[in-house]
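To start, the structure itself, in structure tokens.
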2 protein chains.
Amino acid sequence: MTYCVAMNLADGLVFVSDSRTNAGVDHIATFRKLYVFGVPGERLIVLQTAGNLATSQSVVNLLRQRLNGDCPHLYNVTTLFDAARLVGQTIREMSEHDSRQDGGVDMSCSFLLGGQIKGQEPGLFNLYPQGNFIAATPDTPYFQIGESKYGKPILDRALTFHSPLDEALRCALISFDSTIRSNLSVGMPLDLLVYRADSLEVPKGYRVEEGDAYFEGVRGQWGEGLRELLGQLPETPDDYRK
Amino acid sequence: MTYCVAMNLADGLVFVSDSRTNAGVDHIATFRKLYVFGVPGERLIVLQTAGNLATSQSVVNLLRQRLNGDCPHLYNVTTLFDAARLVGQTIREMSEHDSRQDGGVDMSCSFLLGGQIKGQEPGLFNLYPQGNFIAATPDTPYFQIGESKYGKPILDRALTFHSPLDEALRCALISFDSTIRSNLSVGMPLDLLVYRADSLEVPKGYRVEEGDAYFEGVRGQWGEGLRELLGQLPETPDDYRK
């Protein structure tokens with residue numbers, strides 16, 4: 001499996017992806033699932049992928065190969081909506097290509113696409129394996145793909161459209177910590193990228209490796225804090241134990 | 001769906017079940033999923049169920065109907081292991097009976113079985129739809145069935161075999177709060193039962209209704225505490241946001 005989170009907030013965008021892929025427990029590897037397409041000062045488009053790695057890599061490679069052609073590509077589409085349609089079409093193209101010989105294997109994949117094009121608002125889309133998609137809104141400012149359940153409660157409790165970027169990033173890191181502790185198919189390192197709205201920069205992003213001092217500190221502090229919090233809850237009423 | 005947790009700890013047993021059943025979003029109902037078979041001073045056997053409600057109810061009814069017969073039943077088996085085998089056989093009996101006309105519907109169900117019989121240690125078993133089962137140990141002192149992922153991180157972080165019963169119960173309640181917030185198919189009221197090891201009592205158990213003052217207080221305090229904890233985490237390093 002995989003776990004990716006993306007957020008579209010008042011202050012900008014936050015993306016975090018794990019990097020574990022597995023086909024059975026004895027075929028585990030590390031692959032980057034966060035891809036950046038950017039033209040500084042003009043556009044940033046970030047993709048995250050989950051699902052069949054062969055399909056998602058092929059989709060990204062097709063998108064990259066076509067950047068120099070005349071057809072619509074990620075550097076010449078004029079809106080993020082059109083970028084999402086283009087990625088959706090490419091997902092369909094790969095699905096049709098591969099489905100003729102799938103032999104019962106699930107070849108599907110999901111994408112998150114977020115970014116900003118000059119003159120427009122930042123945006124975030126969740127693309128389904130069928131190539132259709134939905135957009136994040138202030139009511140629902142985040143999307144997850146992959147192994148999403150373990151890390152959802154903390155996002156539902158703590159994240160809002162108006163969360164500051166750094167707090168949102170910490171919230172995402174906690175969401176990953178919870179997931180990694182409870183599920184072997186999601187693993188380090190993590191790739192993360194934070195984009196300030198309207199900066200039109202193309203951030204380098206950061207890879208959080210196993211043993212990263214900050215992340216380890218946060219994991220320890222969070223686990224300790226949770227246990228303290230649990231200890232501070234009042235005793236259950238006697239009725240609860242009769 | 002459903003969510004049930006059971007724990008076998010040094011001090012005793014804790015069981016918590018939700019009560020929501022759904023067949024599609026427009027067919028939601030409340031059904032108890034925690035069943036008690038007990039002879040005060042001699043034995044306590046608690047069952048929790050997830051999966052197809054028709055199957056699990058039938059299994060429980062068969063087990064109850066047979067309590068007065070001559071064949072092995074839950075009041076005359078001499079070990080908890082034999083109780084788990086009996087429930088497993090009854091699950092198989094129902095599966096074979098129903099599978100002839102399943103019409104593609106998933107008729108399977110899972111059970112948790114925990115309790116104590118006089119002269120023996122308390123025990124806890126997780127029974128699969130096939131009727132086979134595993135037992136909890138001090139290494140893995142809890143089992144979940146149903147919609148288990150949302151509420152697993154807090155158990156993995158905070159629960160150990162030596163957690164006091166009341167703390168374990170609070171941990172289970174938080175696990176349910178996280179699940180209920182993130183998943184519509186798990187809902188109030190909650191049925192809970194706490195058993196002190198070697199007491200050989202048959203506790204009445206308790207139903208936590210929507211709006212229960214203690215549970216609402218704990219939910220509020222926990223949510224507030226988590227947000228504070230998140231706020232106390234140190235800012236991410238500059239590298240994380242480049």
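Note on naming: chains are A, B, ... as they come in the structure tokens, residues start from 1 per chain, ligands start from 1 in the order shown.
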Taking the DSSP assignment computed from this structure's backbone, write out as a PyMOL selection string all residues of segment 3-204 of chain B that belong to strand (DSSP E or B). chain B and resi 3-9+12-17+20-22+28-30+34-39+43-51+109-117+123-127+133-135+142-146+190-196
Using the selection just defined, write its residues with C-alpha atoms as a short mmCIF file (atom, residue, chain, number, x, y, z; two decimals), in the first residue's frame.
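What ended up in result.cif:
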```cif
data_model
loop_
_atom_site.label_atom_id
_atom_site.label_comp_id
_atom_site.auth_asym_id
_atom_site.auth_seq_id
_atom_site.Cartn_x
_atom_site.Cartn_y
_atom_site.Cartn_z
CA TYR B 3 -16.64 -1.90 15.67
CA CYS B 4 -15.84 -4.13 18.66
CA VAL B 5 -12.78 -4.22 20.92
CA ALA B 6 -11.93 -6.74 23.61
CA MET B 7 -8.89 -6.82 25.89
CA ASN B 8 -7.41 -9.57 28.05
CA LEU B 9 -5.23 -7.81 30.64
CA GLY B 12 -9.23 -8.66 33.82
CA LEU B 13 -11.24 -8.25 30.65
CA VAL B 14 -12.71 -5.21 28.89
CA PHE B 15 -15.30 -5.39 26.11
CA VAL B 16 -16.75 -2.47 24.11
CA SER B 17 -19.09 -2.74 21.11
CA ARG B 20 -24.94 0.41 14.51
CA THR B 21 -25.85 -1.90 11.69
CA ASN B 22 -26.28 -0.79 8.14
CA ILE B 28 -29.43 1.95 9.49
CA ALA B 29 -30.53 0.40 12.75
CA THR B 30 -29.43 -0.22 16.33
CA LEU B 34 -22.43 -7.87 22.93
CA TYR B 35 -23.92 -11.03 24.46
CA VAL B 36 -23.34 -12.39 27.96
CA PHE B 37 -23.51 -16.03 29.02
CA GLY B 38 -22.82 -16.34 32.73
CA VAL B 39 -23.24 -18.48 35.82
CA ARG B 43 -18.24 -18.90 34.57
CA LEU B 44 -18.55 -15.82 32.37
CA ILE B 45 -18.51 -16.01 28.57
CA VAL B 46 -18.91 -12.80 26.56
CA LEU B 47 -19.45 -12.76 22.79
CA GLN B 48 -19.11 -9.80 20.41
CA THR B 49 -20.06 -9.98 16.76
CA ALA B 50 -19.31 -8.26 13.46
CA GLY B 51 -20.35 -9.00 9.91
CA CYS B 109 -19.38 -12.97 10.44
CA SER B 110 -16.59 -12.72 13.03
CA PHE B 111 -16.74 -13.19 16.77
CA LEU B 112 -14.72 -12.23 19.80
CA LEU B 113 -15.11 -14.56 22.76
CA GLY B 114 -13.72 -13.75 26.20
CA GLY B 115 -14.35 -14.80 29.75
CA GLN B 116 -13.28 -17.09 32.55
CA ILE B 117 -14.27 -20.52 33.85
CA GLY B 123 -9.02 -15.91 28.08
CA LEU B 124 -9.88 -14.07 24.89
CA PHE B 125 -10.28 -15.49 21.36
CA ASN B 126 -10.76 -13.94 17.91
CA LEU B 127 -12.91 -16.23 15.76
CA PHE B 133 -9.55 -18.76 16.02
CA ILE B 134 -6.53 -17.28 17.75
CA ALA B 135 -6.01 -16.42 21.43
CA TYR B 142 -6.40 -6.94 22.49
CA PHE B 143 -8.48 -7.86 19.45
CA GLN B 144 -10.70 -5.76 17.21
CA ILE B 145 -13.36 -6.82 14.73
CA GLY B 146 -15.23 -4.70 12.19
CA LEU B 190 -21.93 1.70 23.01
CA ASP B 191 -22.24 -1.47 25.08
CA LEU B 192 -19.44 -2.07 27.52
CA LEU B 193 -18.54 -4.70 30.07
CA VAL B 194 -15.61 -4.84 32.47
CA TYR B 195 -14.69 -8.06 34.27
CA ARG B 196 -12.20 -8.28 37.14
#
```
Contact residues (chain B, partner chain A, 9 Å, only C-alpha atoms) as a compact mmCIF listing (two decimals) with N, CA, C and O atoms, in the first residue's frame:
```txt
# COMPACT_ATOMS: atom_id res chain seq x y z
N SER B 148 -11.86 -1.51 12.13
CA SER B 148 -10.86 -1.47 13.20
C SER B 148 -9.74 -0.44 13.01
O SER B 148 -9.04 -0.12 13.96
N LYS B 149 -9.57 0.09 11.79
CA LYS B 149 -8.34 0.85 11.53
C LYS B 149 -8.29 2.22 12.22
O LYS B 149 -7.25 2.62 12.73
N TYR B 150 -9.41 2.94 12.20
CA TYR B 150 -9.40 4.30 12.77
C TYR B 150 -8.99 4.28 14.25
O TYR B 150 -8.31 5.17 14.72
N GLY B 151 -9.44 3.27 14.96
CA GLY B 151 -9.23 3.25 16.40
C GLY B 151 -8.03 2.44 16.85
O GLY B 151 -7.82 2.25 18.05
N LYS B 152 -7.24 1.96 15.88
CA LYS B 152 -6.10 1.11 16.25
C LYS B 152 -4.90 1.90 16.79
O LYS B 152 -4.25 1.46 17.75
N PRO B 153 -4.55 3.07 16.20
CA PRO B 153 -3.34 3.76 16.67
C PRO B 153 -3.32 4.02 18.19
O PRO B 153 -2.30 3.79 18.84
N ILE B 154 -4.44 4.45 18.77
CA ILE B 154 -4.41 4.76 20.21
C ILE B 154 -4.20 3.49 21.04
O ILE B 154 -3.50 3.52 22.06
N ASP B 156 -2.50 0.82 19.99
CA ASP B 156 -1.10 0.43 19.78
C ASP B 156 -0.15 1.29 20.62
O ASP B 156 0.91 0.83 21.03
N ARG B 157 -0.52 2.54 20.82
CA ARG B 157 0.37 3.43 21.56
C ARG B 157 0.24 3.30 23.06
O ARG B 157 1.22 3.43 23.79
N ALA B 158 -1.00 3.11 23.54
CA ALA B 158 -1.23 3.33 24.97
C ALA B 158 -1.57 2.07 25.77
O ALA B 158 -1.47 2.09 26.99
N ASP B 166 -9.40 0.38 34.44
CA ASP B 166 -10.11 1.61 34.15
C ASP B 166 -9.41 2.42 33.06
O ASP B 166 -10.06 3.00 32.18
N GLU B 167 -8.08 2.42 33.08
CA GLU B 167 -7.33 3.13 32.04
C GLU B 167 -7.55 2.46 30.69
O GLU B 167 -7.71 3.13 29.66
N LEU B 169 -10.20 0.83 29.80
CA LEU B 169 -11.55 1.17 29.37
C LEU B 169 -11.59 2.57 28.74
O LEU B 169 -12.20 2.78 27.68
N ARG B 170 -10.89 3.52 29.37
CA ARG B 170 -10.83 4.87 28.79
C ARG B 170 -10.15 4.84 27.42
O ARG B 170 -10.56 5.53 26.49
N CYS B 171 -9.11 4.03 27.31
CA CYS B 171 -8.39 3.90 26.03
C CYS B 171 -9.35 3.35 24.96
O CYS B 171 -9.38 3.83 23.82
N ILE B 174 -11.75 6.11 23.86
CA ILE B 174 -11.12 7.04 22.92
C ILE B 174 -11.02 6.40 21.54
O ILE B 174 -11.26 7.04 20.51
N SER B 178 -12.64 8.07 18.16
CA SER B 178 -11.93 8.32 16.90
C SER B 178 -12.65 7.66 15.74
O SER B 178 -12.76 8.22 14.65
N THR B 179 -13.14 6.45 15.95
CA THR B 179 -13.79 5.71 14.88
C THR B 179 -15.12 6.35 14.51
O THR B 179 -15.42 6.55 13.33
N ARG B 181 -16.07 9.41 14.88
CA ARG B 181 -15.90 10.70 14.20
C ARG B 181 -15.56 10.53 12.73
O ARG B 181 -15.89 11.39 11.92
N SER B 182 -14.84 9.46 12.40
CA SER B 182 -14.32 9.33 11.03
C SER B 182 -15.13 8.38 10.17
O SER B 182 -14.91 8.30 8.97
N LEU B 192 -20.75 -1.73 26.97
CA LEU B 192 -19.44 -2.07 27.52
C LEU B 192 -19.58 -2.96 28.74
O LEU B 192 -20.61 -2.97 29.43
N LEU B 193 -18.55 -3.75 28.95
CA LEU B 193 -18.54 -4.70 30.07
C LEU B 193 -17.10 -4.85 30.55
O LEU B 193 -16.18 -5.04 29.76
N VAL B 194 -16.93 -4.72 31.86
CA VAL B 194 -15.61 -4.84 32.47
C VAL B 194 -15.66 -5.98 33.49
O VAL B 194 -16.57 -6.02 34.32
N TYR B 195 -14.72 -6.88 33.39
CA TYR B 195 -14.69 -8.06 34.27
C TYR B 195 -13.37 -8.11 35.02
O TYR B 195 -12.30 -8.12 34.40
N VAL B 202 -20.83 -12.00 37.15
CA VAL B 202 -21.41 -11.78 35.82
C VAL B 202 -21.88 -10.32 35.78
O VAL B 202 -22.99 -10.00 36.22
N PRO B 203 -21.00 -9.43 35.28
CA PRO B 203 -21.35 -8.01 35.32
C PRO B 203 -22.56 -7.73 34.44
O PRO B 203 -22.78 -8.41 33.44
N LYS B 204 -23.34 -6.72 34.85
CA LYS B 204 -24.50 -6.32 34.04
C LYS B 204 -24.06 -5.63 32.76
O LYS B 204 -24.75 -5.67 31.76
N GLY B 205 -22.89 -4.99 32.82
CA GLY B 205 -22.46 -4.18 31.70
C GLY B 205 -23.18 -2.85 31.71
O GLY B 205 -24.04 -2.59 32.57
N TYR B 206 -22.84 -1.98 30.78
CA TYR B 206 -23.41 -0.63 30.77
C TYR B 206 -23.60 -0.19 29.33
O TYR B 206 -22.79 -0.51 28.47
N ARG B 207 -24.69 0.53 29.09
CA ARG B 207 -24.91 1.10 27.76
C ARG B 207 -24.64 2.60 27.81
O ARG B 207 -25.29 3.34 28.55
N VAL B 208 -23.67 3.05 27.01
CA VAL B 208 -23.36 4.47 26.92
C VAL B 208 -24.23 5.06 25.81
O VAL B 208 -23.99 4.82 24.62
N TYR B 214 -20.53 11.53 31.04
CA TYR B 214 -19.12 11.19 31.17
C TYR B 214 -18.44 11.06 29.81
O TYR B 214 -17.38 11.65 29.57
N PHE B 215 -19.08 10.32 28.91
CA PHE B 215 -18.45 10.09 27.60
C PHE B 215 -18.30 11.40 26.83
O PHE B 215 -17.26 11.65 26.21
N VAL B 218 -15.37 13.28 28.24
CA VAL B 218 -14.10 12.69 27.83
C VAL B 218 -13.79 13.02 26.37
O VAL B 218 -12.66 13.35 26.02
N GLN B 221 -12.68 16.65 26.28
CA GLN B 221 -11.37 16.83 26.90
C GLN B 221 -10.26 16.24 26.02
O GLN B 221 -9.19 16.82 25.86
N TRP B 222 -10.56 15.10 25.39
CA TRP B 222 -9.57 14.45 24.53
C TRP B 222 -9.30 15.28 23.28
O TRP B 222 -8.14 15.53 22.92
N GLY B 223 -10.35 15.75 22.64
CA GLY B 223 -10.18 16.56 21.43
C GLY B 223 -9.39 17.83 21.72
O GLY B 223 -8.45 18.19 21.00
N GLY B 225 -7.39 18.34 24.27
CA GLY B 225 -6.03 17.97 24.65
C GLY B 225 -5.16 17.68 23.43
O GLY B 225 -4.00 18.09 23.36
N LEU B 226 -5.74 16.99 22.43
CA LEU B 226 -4.98 16.68 21.21
C LEU B 226 -4.58 17.95 20.49
O LEU B 226 -3.45 18.08 20.01
N ARG B 227 -5.53 18.88 20.39
CA ARG B 227 -5.20 20.13 19.68
C ARG B 227 -4.12 20.91 20.42
O ARG B 227 -3.21 21.47 19.81
N LEU B 229 -1.82 19.57 22.35
CA LEU B 229 -0.59 18.79 22.16
C LEU B 229 0.05 19.11 20.80
O LEU B 229 1.27 19.27 20.69
N LEU B 230 -0.80 19.22 19.80
CA LEU B 230 -0.31 19.54 18.46
C LEU B 230 0.32 20.94 18.46
O LEU B 230 1.36 21.17 17.85
N GLY B 231 -0.34 21.85 19.17
CA GLY B 231 0.17 23.23 19.26
C GLY B 231 1.51 23.30 19.98
O GLY B 231 2.30 24.21 19.74
N LEU B 233 3.93 21.01 19.83
CA LEU B 233 5.04 20.41 19.08
C LEU B 233 5.92 21.53 18.53
O LEU B 233 5.42 22.57 18.12
N PRO B 234 7.23 21.32 18.53
CA PRO B 234 8.11 22.38 18.01
C PRO B 234 7.87 22.63 16.52
O PRO B 234 7.44 21.73 15.81
N GLU B 235 8.14 23.86 16.09
CA GLU B 235 8.02 24.19 14.65
C GLU B 235 8.90 23.26 13.83
O GLU B 235 9.96 22.83 14.29
N THR B 236 8.48 22.97 12.63
CA THR B 236 9.30 22.12 11.77
C THR B 236 10.57 22.89 11.38
O THR B 236 10.58 24.12 11.31
N PRO B 237 11.68 22.16 11.14
CA PRO B 237 12.92 22.83 10.69
C PRO B 237 12.67 23.56 9.35
O PRO B 237 11.79 23.16 8.59
N ASP B 239 14.31 23.45 6.70
CA ASP B 239 14.51 22.53 5.57
C ASP B 239 13.21 21.87 5.12
O ASP B 239 13.06 21.53 3.95
N TYR B 240 12.33 21.62 6.10
CA TYR B 240 11.08 20.93 5.80
C TYR B 240 10.20 21.74 4.86
O TYR B 240 9.27 21.20 4.26
N ARG B 241 10.43 23.04 4.82
CA ARG B 241 9.50 23.90 4.06
C ARG B 241 10.19 24.60 2.91
O ARG B 241 9.80 25.68 2.51
N LYS B 242 11.30 23.99 2.39
CA LYS B 242 12.05 24.65 1.32
C LYS B 242 11.68 24.09 -0.04
O LYS B 242 11.37 22.92 -0.15
```
Produce the least-squares-superposed copy of chain A, fitted on chain B over all in-order C-alpha pairs, as a short mmCIF file (atom, residue, chain, number, x, y, z; two decimals) with C-alpha atoms, in the first residue's frame.
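Okay, superposed34.cif is ready:
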```
data_model
loop_
_atom_site.label_atom_id
_atom_site.label_comp_id
_atom_site.auth_asym_id
_atom_site.auth_seq_id
_atom_site.Cartn_x
_atom_site.Cartn_y
_atom_site.Cartn_z
CA MET A 1 -20.16 -2.08 9.63
CA THR A 2 -19.46 -2.51 13.30
CA TYR A 3 -16.64 -1.90 15.67
CA CYS A 4 -15.85 -4.14 18.66
CA VAL A 5 -12.79 -4.23 20.92
CA ALA A 6 -11.93 -6.76 23.61
CA MET A 7 -8.90 -6.82 25.89
CA ASN A 8 -7.42 -9.56 28.06
CA LEU A 9 -5.23 -7.81 30.65
CA ALA A 10 -3.46 -8.75 33.87
CA ASP A 11 -6.35 -7.29 35.89
CA GLY A 12 -9.23 -8.66 33.82
CA LEU A 13 -11.24 -8.25 30.65
CA VAL A 14 -12.71 -5.20 28.89
CA PHE A 15 -15.31 -5.38 26.11
CA VAL A 16 -16.75 -2.47 24.12
CA SER A 17 -19.11 -2.74 21.12
CA ASP A 18 -20.93 -0.19 19.04
CA SER A 19 -24.53 -0.88 18.06
CA ARG A 20 -24.95 0.42 14.51
CA THR A 21 -25.85 -1.89 11.69
CA ASN A 22 -26.26 -0.78 8.13
CA ALA A 23 -27.17 -2.27 4.82
CA GLY A 24 -26.55 0.77 2.68
CA VAL A 25 -26.79 4.31 4.05
CA ASP A 26 -30.59 4.33 4.08
CA HIS A 27 -30.96 1.18 6.12
CA ILE A 28 -29.42 1.96 9.48
CA ALA A 29 -30.51 0.41 12.74
CA THR A 30 -29.43 -0.21 16.32
CA PHE A 31 -28.63 -3.77 17.39
CA ARG A 32 -26.76 -4.97 20.41
CA LYS A 33 -23.60 -6.87 19.45
CA LEU A 34 -22.45 -7.85 22.93
CA TYR A 35 -23.92 -11.02 24.45
CA VAL A 36 -23.34 -12.38 27.96
CA PHE A 37 -23.52 -16.03 29.03
CA GLY A 38 -22.83 -16.34 32.72
CA VAL A 39 -23.24 -18.48 35.81
CA PRO A 40 -22.25 -16.36 38.84
CA GLY A 41 -19.39 -17.90 40.78
CA GLU A 42 -18.69 -20.40 38.01
CA ARG A 43 -18.25 -18.88 34.55
CA LEU A 44 -18.55 -15.82 32.36
CA ILE A 45 -18.51 -15.99 28.57
CA VAL A 46 -18.92 -12.79 26.56
CA LEU A 47 -19.46 -12.75 22.80
CA GLN A 48 -19.12 -9.80 20.42
CA THR A 49 -20.05 -9.99 16.77
CA ALA A 50 -19.31 -8.26 13.47
CA GLY A 51 -20.34 -9.00 9.91
CA ASN A 52 -23.65 -10.30 8.60
CA LEU A 53 -26.26 -9.65 11.30
CA ALA A 54 -28.58 -12.48 10.23
CA THR A 55 -25.74 -14.97 10.55
CA SER A 56 -24.35 -13.66 13.84
CA GLN A 57 -27.80 -13.43 15.46
CA SER A 58 -28.58 -16.98 14.36
CA VAL A 59 -25.31 -18.25 15.79
CA VAL A 60 -26.04 -16.61 19.13
CA ASN A 61 -29.61 -17.92 19.11
CA LEU A 62 -28.47 -21.47 18.40
CA LEU A 63 -25.95 -21.20 21.23
CA ARG A 64 -28.67 -19.94 23.57
CA GLN A 65 -31.33 -22.49 22.53
CA ARG A 66 -28.93 -25.35 23.15
CA LEU A 67 -28.10 -24.32 26.71
CA ASN A 68 -30.67 -26.81 28.09
CA GLY A 69 -29.73 -29.78 25.92
CA ASP A 70 -27.37 -32.70 26.48
CA CYS A 71 -24.82 -31.79 23.82
CA PRO A 72 -21.85 -29.52 24.61
CA HIS A 73 -23.06 -25.97 25.25
CA LEU A 74 -21.68 -22.77 26.71
CA TYR A 75 -22.72 -23.71 30.26
CA ASN A 76 -21.17 -27.18 30.29
CA VAL A 77 -17.95 -26.95 28.25
CA THR A 78 -15.05 -27.30 30.66
CA THR A 79 -12.59 -24.83 29.12
CA LEU A 80 -12.76 -21.50 27.28
CA PHE A 81 -10.88 -23.17 24.44
CA ASP A 82 -13.76 -25.63 24.11
CA ALA A 83 -16.21 -22.73 24.25
CA ALA A 84 -14.37 -21.10 21.33
CA ARG A 85 -14.42 -24.41 19.41
CA LEU A 86 -18.15 -24.71 20.02
CA VAL A 87 -18.83 -21.19 18.77
CA GLY A 88 -16.54 -21.85 15.78
CA GLN A 89 -18.52 -24.98 14.93
CA THR A 90 -21.78 -23.06 15.20
CA ILE A 91 -20.43 -20.37 12.84
CA ARG A 92 -19.56 -23.14 10.35
CA GLU A 93 -22.97 -24.72 10.76
CA MET A 94 -24.69 -21.44 9.91
CA SER A 95 -22.28 -20.71 7.04
CA GLU A 96 -22.99 -24.07 5.44
CA HIS A 97 -26.71 -23.66 5.99
CA ASP A 98 -26.84 -20.19 4.44
CA SER A 99 -24.23 -20.49 1.71
CA ARG A 100 -26.57 -22.61 -0.42
CA GLN A 101 -28.68 -19.53 -1.10
CA ASP A 102 -26.33 -16.61 -0.59
CA GLY A 103 -26.96 -15.03 -4.02
CA GLY A 104 -23.62 -13.24 -3.89
CA VAL A 105 -24.28 -11.60 -0.50
CA ASP A 106 -21.50 -11.81 2.06
CA MET A 107 -23.02 -13.92 4.84
CA SER A 108 -19.85 -14.20 6.90
CA CYS A 109 -19.37 -12.99 10.45
CA SER A 110 -16.60 -12.73 13.01
CA PHE A 111 -16.75 -13.20 16.78
CA LEU A 112 -14.73 -12.23 19.81
CA LEU A 113 -15.12 -14.56 22.76
CA GLY A 114 -13.74 -13.74 26.20
CA GLY A 115 -14.35 -14.81 29.74
CA GLN A 116 -13.29 -17.08 32.54
CA ILE A 117 -14.27 -20.50 33.84
CA LYS A 118 -13.65 -21.34 37.51
CA GLY A 119 -10.20 -22.78 38.17
CA GLN A 120 -8.75 -21.43 34.91
CA GLU A 121 -7.17 -18.23 33.66
CA PRO A 122 -9.29 -15.63 31.87
CA GLY A 123 -9.03 -15.90 28.09
CA LEU A 124 -9.89 -14.06 24.89
CA PHE A 125 -10.30 -15.48 21.37
CA ASN A 126 -10.76 -13.94 17.93
CA LEU A 127 -12.92 -16.24 15.77
CA TYR A 128 -12.73 -15.93 12.00
CA PRO A 129 -15.66 -16.46 9.62
CA GLN A 130 -14.23 -19.92 8.89
CA GLY A 131 -14.70 -20.87 12.56
CA ASN A 132 -11.00 -21.11 13.42
CA PHE A 133 -9.55 -18.75 16.01
CA ILE A 134 -6.53 -17.27 17.76
CA ALA A 135 -6.01 -16.42 21.44
CA ALA A 136 -4.82 -13.11 22.89
CA THR A 137 -1.52 -13.16 24.78
CA PRO A 138 0.37 -10.61 26.91
CA ASP A 139 2.24 -9.58 23.71
CA THR A 140 -1.02 -8.87 21.90
CA PRO A 141 -3.59 -8.36 24.63
CA TYR A 142 -6.41 -6.94 22.49
CA PHE A 143 -8.49 -7.86 19.45
CA GLN A 144 -10.71 -5.76 17.21
CA ILE A 145 -13.38 -6.82 14.73
CA GLY A 146 -15.24 -4.71 12.19
CA GLU A 147 -14.13 -1.19 11.30
CA SER A 148 -10.88 -1.47 13.20
CA LYS A 149 -8.36 0.86 11.54
CA TYR A 150 -9.42 4.30 12.77
CA GLY A 151 -9.25 3.23 16.41
CA LYS A 152 -6.11 1.11 16.26
CA PRO A 153 -3.36 3.76 16.67
CA ILE A 154 -4.42 4.76 20.20
CA LEU A 155 -4.54 1.10 21.30
CA ASP A 156 -1.11 0.43 19.79
CA ARG A 157 0.36 3.43 21.54
CA ALA A 158 -1.23 3.32 24.96
CA LEU A 159 -2.45 -0.17 25.83
CA THR A 160 -0.29 -2.86 27.43
CA PHE A 161 -1.09 -6.10 29.22
CA HIS A 162 -0.43 -4.30 32.51
CA SER A 163 -2.71 -1.30 31.88
CA PRO A 164 -5.16 -0.94 34.81
CA LEU A 165 -8.73 -1.89 33.86
CA ASP A 166 -10.14 1.61 34.14
CA GLU A 167 -7.34 3.12 32.04
CA ALA A 168 -7.85 0.38 29.45
CA LEU A 169 -11.57 1.17 29.36
CA ARG A 170 -10.83 4.87 28.79
CA CYS A 171 -8.40 3.90 26.03
CA ALA A 172 -11.15 1.83 24.40
CA LEU A 173 -13.61 4.72 24.67
CA ILE A 174 -11.12 7.04 22.92
CA SER A 175 -10.63 4.39 20.24
CA PHE A 176 -14.41 4.40 19.71
CA ASP A 177 -14.59 8.19 19.66
CA SER A 178 -11.93 8.31 16.91
CA THR A 179 -13.80 5.71 14.90
CA ILE A 180 -17.23 7.28 15.29
CA ARG A 181 -15.90 10.70 14.21
CA SER A 182 -14.33 9.33 11.03
CA ASN A 183 -16.78 6.62 9.97
CA LEU A 184 -20.55 6.83 9.69
CA SER A 185 -21.06 3.06 9.86
CA VAL A 186 -20.01 2.92 13.53
CA GLY A 187 -22.38 4.62 15.95
CA MET A 188 -23.76 5.12 19.43
CA PRO A 189 -24.92 3.75 21.80
CA LEU A 190 -21.94 1.70 23.02
CA ASP A 191 -22.25 -1.46 25.09
CA LEU A 192 -19.45 -2.07 27.53
CA LEU A 193 -18.56 -4.69 30.07
CA VAL A 194 -15.62 -4.83 32.48
CA TYR A 195 -14.70 -8.06 34.28
CA ARG A 196 -12.20 -8.26 37.14
CA ALA A 197 -10.02 -11.38 36.83
CA ASP A 198 -10.97 -14.21 39.21
CA SER A 199 -14.09 -12.42 40.46
CA LEU A 200 -16.30 -14.92 38.62
CA GLU A 201 -19.01 -12.28 38.70
CA VAL A 202 -21.42 -11.79 35.84
CA PRO A 203 -21.35 -8.01 35.33
CA LYS A 204 -24.50 -6.32 34.05
CA GLY A 205 -22.46 -4.16 31.71
CA TYR A 206 -23.40 -0.63 30.79
CA ARG A 207 -24.90 1.09 27.78
CA VAL A 208 -23.35 4.48 26.93
CA GLU A 209 -26.15 6.42 25.24
CA GLU A 210 -25.76 9.42 22.95
CA GLY A 211 -25.22 12.45 25.19
CA ASP A 212 -23.90 10.41 28.15
CA ALA A 213 -22.33 13.05 30.42
CA TYR A 214 -19.11 11.20 31.19
CA PHE A 215 -18.44 10.09 27.60
CA GLU A 216 -19.22 13.54 26.20
CA GLY A 217 -16.87 15.09 28.76
CA VAL A 218 -14.10 12.68 27.84
CA ARG A 219 -14.61 13.28 24.11
CA GLY A 220 -14.38 17.03 24.62
CA GLN A 221 -11.36 16.81 26.91
CA TRP A 222 -9.57 14.45 24.53
CA GLY A 223 -10.18 16.55 21.42
CA GLU A 224 -9.09 19.71 23.25
CA GLY A 225 -6.02 17.96 24.65
CA LEU A 226 -4.99 16.68 21.22
CA ARG A 227 -5.20 20.13 19.69
CA GLU A 228 -3.13 21.55 22.56
CA LEU A 229 -0.59 18.77 22.16
CA LEU A 230 -0.31 19.52 18.46
CA GLY A 231 0.17 23.20 19.27
CA GLN A 232 3.00 22.32 21.65
CA LEU A 233 5.02 20.40 19.07
CA PRO A 234 8.10 22.38 18.00
CA GLU A 235 8.02 24.16 14.63
CA THR A 236 9.29 22.11 11.74
CA PRO A 237 12.91 22.82 10.68
CA ASP A 238 13.29 25.33 7.82
CA ASP A 239 14.51 22.51 5.55
CA TYR A 240 11.08 20.91 5.76
CA ARG A 241 9.51 23.89 4.02
CA LYS A 242 12.03 24.67 1.26
#
```
From the DSSP assignment of the backbone, select every residue of segment 101-188 of chain B that is helix (DSSP H, G or I), and format the answer as number ranges by chain. B: 152-158, 165-182
